[in-house]
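Here is the structure we will look at.
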Amino acid sequence: MNIIVCVKQVIDPEAPPSTFKIDTATNRAEMRGSPSVVDPYSEYAVEASLKIREARGGKISILSLGNNLLREVVKKTVAMGADELILLEDEAFTGGDTWSVAGALAAGIRKIGQVDLILCGREASDTNAGQTGPAIAEMLGLPCVTLARKVEINDGKARVERVTAGGFDVIEMPLPGVITISNEVGEPRYPTIKGIMAAKKKEPVVWKPADIGLGPANVGSAGRRLMLRRLFQPVREGKCDFAGGDSPEEAAGRLALKLREARLL
Amino acid sequence: MSDYRGVAAYCEAKGEKLLPIALEGLGIGRKLASDLSQELIAIIMGSNISGLASQAITGGADKVYVVDEPLLKDYQADPYVTAMKKIVDQVKPGVLIIGQTDSGRDLAPRLAFRIGTTVTMDCVELAIDPESKRLLQTKPVYGGNAMAVFTSDTDPQIVSIRTKAMPAATQDPSRKGEIIAFPAGLDASVIRTKFVDRVTEEVAGIKLEDAQVVVAGGRGIGGPDGFKQLDELARVLKGALGASRPPCDNGWIPDSAQVGLTGKIIAPDLYIAIAISGSSQHMSGCSGAKTIIAINKDREANIFRYARYGVVGDWKKVLPAFTAKMKELLAS
């Protein structure tokens, strides 16, 4: 089993919302004071790959894209147990949309060659789009199942439980194929001491656009088809009416009375 | 791009009825079509669904394309993307609206990347740019911390829309429209995946999506026992039980109770958030509620920026007293 997991580096989505700032000049966002992290949704995909390797054996390659990717961040996936780290890293890769990013990831996957399964997070925590996995599948002409909560591999097929509003569907997909992983797959494991030591020694393979057969017009902002017109923070004025009291019980009683007065209940 | 005209809305159905999101797609689609002085086209796909076309017409569609084939019985990407691409290639709509349901999340990007156009997922606002006549596609990003407005130069401009973000079409039984049966000529060989089974694990009682009152708990509830207390309040208020992501990830409550960006997006009359901090990812799922009430021990918690009424305190002390008082008030 050769598994490729596409992993994104993002601003920390768990940082307090109050630290979230947008640079309107560049249309970029940051969490003031918090470093970038491995996207939590990517971590679920890494966790899914580790579960599959435990059951079937194989090799897990992490594929990530960006510029000046923080080594200690991308190496977390190796510390969790991945075998290999491949970075599509160049200034030309910045500012992309799904067309340019998934196009580069698909080109990287072609270069890796022998692959049975490609895993992505169900979406990224910054764009909240959920397009990259399906886009890679279309670009490579592979079948795809999204929103997986469980993946089992048997006889060259993946048996996938796909999350639905009322439960889940069970779908079989022939390999090779693409699966996007949802958070229901289970909490990503913590890196082990052994994993952290292995990650320290592991040097990533770095590919530039030319290494994966792409010209400058096809990658990053030059390869975009979707244009970002504006990025802004919605204004939200808190106007909460607090029910108080000498004790929590008294406050609770007042809250109930306020709701009754407002005819909400 | 110039020969693409009209606004198309894919109308997802369940059983004998269009889903509410289908009527929301027709509602915004009608508005965009009027702004462009173009037609509104509805697309319905499934098996044995020919009775649904009239609902799309009364909901505002000028034309309805119906693809009715056995291979479309259960949603799978391969037959749905193949059939939808055939329609798009023939009809050439300028805009295509798809609901952000669990099948829409799958269909929209697969279709866009197969056609070679763009898609913006989970839009909460759509408008026509008066100058360029292109679609302004607004969606929350960074878990709801920010909004992004996108445009695209490729056609069709595909978008998925968030549930309950836009008003549903008002039904007008006197409306007339044209119904066109569209044979997609699907061949089983296009389907690479195999649908094996559908498992439903609904929580007993009122469905979360339909409930007027939702009582939801967060990480601070601490375990499954706490949710029993929340359930008691939900029963008293004839509401449903919900949760933010951590209680679901920890197995305190089934995943189907999750409210948020990765769970259900709901818009009840009343949302009672207990020990929920109000992360952006959670608020994406409940900020459409008419009134939010919060009980949280941290006065600075983000949830209070959304709440209309609140109590700062330990839920373990506040909730029993609140439930008792509500029982008393509702009985009188």
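Please note that chains go A, B, ... in the order of the structure tokens, that every chain numbers its residues from 1, and that ligands are numbered from 1 in the order shown.
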Considering only C-alpha atoms, extract the chain A residues located within 6 Å of chain B and return them as a ChimeraX atom specification.
/A:125-129,131,134-135,138,164,166-173,226-233,238,240-243,248-249,252-253
Could you name the residues that touch Leu147 of chain A at 9 Å or less, counting only C-alpha atoms, but leaving out those on the same chain fewer than 5 positions away, as a ChimeraX atom specification?
/A:121-122,161-164,179-184 /B:102,106
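Picture a line from atom CA of Thr146 of chain A to atom CA of Lys86 of chain B; it runs 22.5 Å.
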Mind listing the helix (DSSP H, G or I) residues of segment 9-127 of chain B, per DSSP on the backbone, as JSON, numbers by chain?
{"B": [20, 21, 22, 23, 24, 25, 26, 27, 28, 29, 30, 31, 32, 33, 34, 35, 36, 50, 51, 52, 53, 54, 55, 56, 57, 58, 70, 71, 72, 77, 78, 79, 80, 81, 82, 83, 84, 85, 86, 87, 88, 89, 90, 91, 104, 105, 106, 107, 108, 109, 110, 111, 112, 113, 114, 115]}
What is the distance between atom CA of Ile52 of chain A and atom CA of Gln114 of chain A, in Å to one decimal?
17.1 Å
Could you pull out the strand (DSSP E) residues of segment 132-311 of chain B, going by DSSP on the backbone, and write them as a count of residues only?
53
